[in-house]
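The structure under discussion appears below in the form of structure tokens.
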Amino acid sequence: MKQMDLDFLDLNSFLTNEERVLRDTVQGFVTQKVLPTIEEHYQNGTFPAHLIREMGELGFLGANLKGYGCADVSPLAYGLLSQELEAGDAGIRSFVSVQSSLAMYAIHTFGNEEQRQQWLPPMAKGEKIGCFGLTEPDFGSNPSGMRTRAEKTGRGYVLHGAKMWITNGSIADVAVVWAKLDGVIRGFLVEKGTPGFKTQEMKQKHSFRASNTSELLFDRCEIPKENLLSKTDGLLSPLSCLNQGRFGVAWGALGAATVCYNVAKDYALSRKQFNDRPIASHQLVQEKLAEMLTEITKAQLLSLRVTQLKTEGKAQHVHISMMKMNNTQMALHVARTARFILGGSGIMSEYPVMRHMCNLETTVTYEGTNDIQKLILGKEITGIQAFY
Amino acid sequence: MNIVVCMKQVPDTETKIRLKEGNGGIQTDGVKWIINPYCEFAVEEALRIRERNGGQGTVTLVCMGPDRAVESIRTALAMGVDKAIHLNDPLFEGSDNFGVAKILARAIQTIPHDIILCGKQAVDDDASQVPQILAEQLNIPHVMVVEKMEVDVANKKVTTSRRIEGGAKEVLEVPLPAVFGADKGMNEPRYASLPGIMKAKSKEVKKVTAADLGLKPEEIGVAAAKVKIQAYSLPPERQAGKKIEGGDPAQVAHELAKWLREEARVI
Ligand SMILES: Cc1cc2nc3c(=O)[nH]c(=O)nc-3n(C[C@H](O)[C@H](O)[C@H](O)COP(=O)(O)OP(=O)(O)OC[C@H]3O[C@@H](n4cnc5c(N)ncnc54)[C@H](O)[C@@H]3O)c2cc1C
């Protein structure tokens with residue numbers, strides 16, 4: 001557990017008792033259930049699906065939501081959950097983020113009572129898995145251009161199109177699919193096994209290897225009219241989900257960075273080069289450790305403050321964009337530096353560092369690349385949108 | 001069935017122990033505090049006994065400790081314990097095992113109790129005395145190092161099994177009320193689930209002082225301690241390992257045997 005802790009400014013004193021207990025629970029779960037097998041899953045490119053039920057029983061799924069068997073924890077508790085899970089692996093954290101902040105949040109926010117009753121309780125228990133299909137082969141940063149469309153029929157809707165890079169895609173029981181209906185982006189629930197709906201797992205990844213990433217294909221896929229998320233209305237609907245998602249991604253990055261820093265520090269103290277002295281005794285190494293510690297601590301402060309604002313209902317999307325951009329970029333930098341400090345050992349699976357480093361290449365990319373987050377901030381600063 | 005669990009908060013086993021100046025004991029700042037692992041088995045067993053009994057009964061936690069112990073108490077409540085008594089009074093500080101057992105006994109006398117579960121020892125001082133003294137104070141039987149418990153609710157008795165000398169198993173039957181000291185292997189403690197943690201927020205933690213128990217200052221704490229701690233010292237630093245090099249296994253074995261006999265003097 002020691003490797004998951006880093007608290008230079010005694011920020012733990014801001015945690016409530018519940019938040020501390022929750023953090024212990026997640027750290028214990030990660031230490032006992034995730035870490036022993038995660039390298040093997042990562043090497044084999046498999047997602048440890050056996051953990052899903054247990055995470056459901058522990059209330060990790062949809063923990064940010066109210067009712068329907070969800071734990072309804074504070075935003076800070078949800079952040080800590082993400083942080084500690086990613087200290088294990090970003091793939092596990094991402095499973096929980098997608099299930100909770102994207103799929104369940106969409107159903108909770110945009111679904112009607114029947115849809116919520118049908119899906120949320122089993123999803124909270126981990127009996128049903130959800131995914132969130134926004135990105136398409138030709139539309140990533142620019143989702144408004146999406147080609148997937150829905151047509152109204154007598155009985156419901158017919159979907160045509162394809163989604164790509166979808167976390168949990170081929171293991172999901174229900175896909176929240178964003179498609180244009182009469183030119184307006186709307187959300188639809190597509191159940192596994194619906195005729196005309198196919199999934200294909202994307203293999204050969206160098207990042208997020210312990211996570212399921214899939215393509216979703218809709219070829220005249222007919223769904224009943226009850227499957228429209230009726231309160232969705234335009235691009236802002238999926239973006240509001242991403243706002244939740246980014247919050248968890250940002251907290252998760254802190255977990256990965258913390259582990260990388262602690263591993264690098266321990267390694268630097270025990271590895272000896274030149275005159276039997278630890279490499280930590282060299283100024284160039286100390287400079288790196290000092291910078292890593294400072295950067296992680298700054299990111300913790302930013303996260304804590306944005307989380308306080310979120311708790312007060314005052315966090316704006318630009319705050320969360322800043323946090324997501326800063327934390328994932330910081331974590332990637334810390335992971336690369338840690339990898340460097342470990343020398344040749346840094347590329348081996350004996351240490352978690354390169355796994356985290358490769359994972360972070362995804363976290364700086366998905367749910368809006370960091371450059372896109374900067375453009376969001378740029379628009380806020382200047383009032384001029386520079387996306388196109 | 002009224003189940004009482006006595007729980008102690010101890011430093012995390014991963015904590016690097018440092019001593020205070022003089023003879024002041026261990027330095028507590030920077031220490032991460034956890035539920036004593038053996039007490040965690042006791043908490044888990046209490047919850048399982050209640051579950052096996054169709055959810056009937058109450059599990060009450062009794063914990064003596066300063067303010068910081070609340071965190072561990074909340075963890076136990078989040079695991080599913082119903083309510084807690086927090087024995088928290090500066091007068092309790094410095095109590096020896098006898099004193100601790102006396103305070104616990106007083107508190108337990110005020111509540112209904114059929115089964116009293118403790119950890120068989122606390123991993124901080126490893127004394128393994130409190131449960132037995134507690135049982136004596138309450139004038140009831142005790143079984144220590146318990147690996148398995150079967151509760152016969154109707155007949156108010158418990159069959160326990162424990163490992164004894166030579167790896168043999170001893171099966172005992174005890175009438176209730178009685179004290180049980182939980183051993184490793186009894187169960188695998190659950191994690192506090194997130195809904196459990198949220199539910200624990202509204203559970204009662206009753207703070208109880210010496211005065212509430214009718215204990216006078218001279219009866220408890222350092223004043224009444226029968227055992228006085230003379231000194232604290234850390235174990236000696238570990239010496240660097242010795243590497244016996246050489247390609248020939250017979251030669252290496254010979255050197256090792258020589259070293260074990262002449263320098264380590266273990267054979
Ligand atoms: C492992 C993984 C899991 C994912 N899971 C999901 C999921 O569950 N659901 C989902 O919907 N999506 C998911 N995604 C998709 C992810 O959100 C997209 O990859 C991301 O939005 C970027 O889109 P793109 O890959 O098409 O890149 P592009 O949009 O093609 O961007 C390529 C590059 O161009 C830059 N760029 C683009 N536009 C601009 C601009 N206007 N100005 C400056 N630079 C620009 C980008 O910053 C980037 O560097 C996942 C991706 C990965 C890798």
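Chain labels run A, B, ... following the order of the structure tokens; each chain numbers its residues from 1, and ligands are numbered from 1 in the order shown.
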Contacts to ligand 1 at 7 Å cut-off (only C-alpha atoms and all ligand atoms) as an MDAnalysis selection string: chainID A and resid 98 131:135 137:142 164:168 207:208 213 362 365:372 386:388
Residue subset to file, keeping C-alpha atoms, as a JSON list (two decimals), in the first residue's frame:
[["chain", "number", "residue", "atom", "x", "y", "z"],
["A", 98, "VAL", "CA", -17.06, 4.07, -18.19],
["A", 131, "CYS", "CA", -20.34, 1.03, -22.65],
["A", 132, "PHE", "CA", -20.48, 4.49, -24.16],
["A", 133, "GLY", "CA", -20.21, 4.89, -27.91],
["A", 134, "LEU", "CA", -19.42, 8.39, -29.07],
["A", 135, "THR", "CA", -16.17, 8.23, -31.07],
["A", 137, "PRO", "CA", -13.53, 5.98, -37.07],
["A", 138, "ASP", "CA", -13.61, 9.41, -38.72],
["A", 139, "PHE", "CA", -14.80, 11.54, -35.82],
["A", 140, "GLY", "CA", -12.82, 11.64, -32.58],
["A", 141, "SER", "CA", -12.04, 15.15, -31.45],
["A", 142, "ASN", "CA", -14.95, 16.40, -33.47],
["A", 164, "MET", "CA", -14.60, 2.93, -32.62],
["A", 165, "TRP", "CA", -12.34, 2.83, -29.54],
["A", 166, "ILE", "CA", -15.21, 1.89, -27.27],
["A", 167, "THR", "CA", -14.13, 0.77, -23.81],
["A", 168, "ASN", "CA", -16.01, -2.36, -22.64],
["A", 207, "SER", "CA", -1.64, 0.94, -24.22],
["A", 208, "PHE", "CA", -4.64, -0.08, -22.09],
["A", 213, "THR", "CA", -11.51, -1.62, -26.48],
["A", 362, "THR", "CA", -4.37, 6.82, -23.67],
["A", 365, "THR", "CA", -5.86, 11.16, -25.54],
["A", 366, "TYR", "CA", -9.32, 9.94, -24.64],
["A", 367, "GLU", "CA", -12.36, 11.84, -23.40],
["A", 368, "GLY", "CA", -10.96, 14.77, -25.37],
["A", 369, "THR", "CA", -7.24, 14.96, -26.10],
["A", 370, "ASN", "CA", -5.20, 17.32, -23.99],
["A", 371, "ASP", "CA", -4.91, 19.68, -26.93],
["A", 372, "ILE", "CA", -8.67, 19.73, -27.15],
["A", 386, "ALA", "CA", -10.16, 27.79, -32.30],
["A", 387, "PHE", "CA", -11.37, 24.25, -33.02],
["A", 388, "TYR", "CA", -11.83, 25.00, -36.71]]
DSSP alpha helix (DSSP H) residues within region 206-375 of chain A, listed as a ChimeraX atom specification: /A:236-270,283-311,317-341,353-363,370-375
May I ask you to extract the residues of chain B within 6 Å of chain A, using only C-alpha atoms, and to give them as a PDB file with N, CA and C atoms, in the first residue's frame?
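For reference, iface-v3.pdb as written:
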ATOM      1  N   GLU B  71     -11.450   6.385  13.476  1.00  0.00           N
ATOM      2  CA  GLU B  71     -11.348   5.952  12.086  1.00  0.00           C
ATOM      3  C   GLU B  71     -11.493   4.430  11.982  1.00  0.00           C
ATOM      4  N   THR B  75     -14.488   2.108  10.374  1.00  0.00           N
ATOM      5  CA  THR B  75     -14.241   1.025   9.414  1.00  0.00           C
ATOM      6  C   THR B  75     -15.040  -0.212   9.812  1.00  0.00           C
ATOM      7  N   TYR B 191     -14.047  -6.422   2.914  1.00  0.00           N
ATOM      8  CA  TYR B 191     -13.750  -4.996   2.855  1.00  0.00           C
ATOM      9  C   TYR B 191     -15.026  -4.256   3.207  1.00  0.00           C
ATOM     10  N   SER B 193     -17.743  -2.074   2.229  1.00  0.00           N
ATOM     11  CA  SER B 193     -18.234  -1.675   0.904  1.00  0.00           C
ATOM     12  C   SER B 193     -18.599  -0.193   0.938  1.00  0.00           C
ATOM     13  N   LEU B 194     -18.687   0.410  -0.243  1.00  0.00           N
ATOM     14  CA  LEU B 194     -19.017   1.834  -0.282  1.00  0.00           C
ATOM     15  C   LEU B 194     -20.400   2.127   0.315  1.00  0.00           C
ATOM     16  N   PRO B 195     -21.430   1.338  -0.030  1.00  0.00           N
ATOM     17  CA  PRO B 195     -22.713   1.592   0.640  1.00  0.00           C
ATOM     18  C   PRO B 195     -22.606   1.382   2.150  1.00  0.00           C
TER      19      PRO B 195
END
Pairwise distance for CA of Ala90 (chain A) and CA of Gly30 (chain B), rounded to one decimal in Å: 29.0 Å
Close residues, Lys128 (chain A) itself excluded, 10 Å, only C-alpha atoms, min 6 positions apart in chain, as a short mmCIF file (atom, residue, chain, number, x, y, z; two decimals) with C-alpha atoms, in the first residue's frame:
data_model
loop_
_atom_site.label_atom_id
_atom_site.label_comp_id
_atom_site.auth_asym_id
_atom_site.auth_seq_id
_atom_site.Cartn_x
_atom_site.Cartn_y
_atom_site.Cartn_z
CA ILE A 52 -16.37 -6.98 -12.03
CA ARG A 53 -18.76 -8.72 -9.66
CA GLY A 56 -20.06 -4.36 -7.80
CA GLN A 99 -19.59 2.00 -16.30
CA TRP A 119 -30.49 -0.98 -15.96
CA LEU A 120 -29.06 0.85 -12.97
CA PRO A 121 -29.48 -1.71 -10.15
CA PRO A 122 -27.90 -4.60 -12.11
CA ILE A 171 -18.28 -7.24 -23.18
CA ALA A 172 -21.15 -4.79 -22.67
CA ASP A 173 -24.75 -5.87 -22.14
CA VAL A 174 -25.95 -2.42 -23.07
#
Nearest to Gly65 (chain B), chosen from B:Gln9, B:Gln132, B:Gln27, B:Gln230, with only C-alpha atoms counted in the distances: B:Gln9
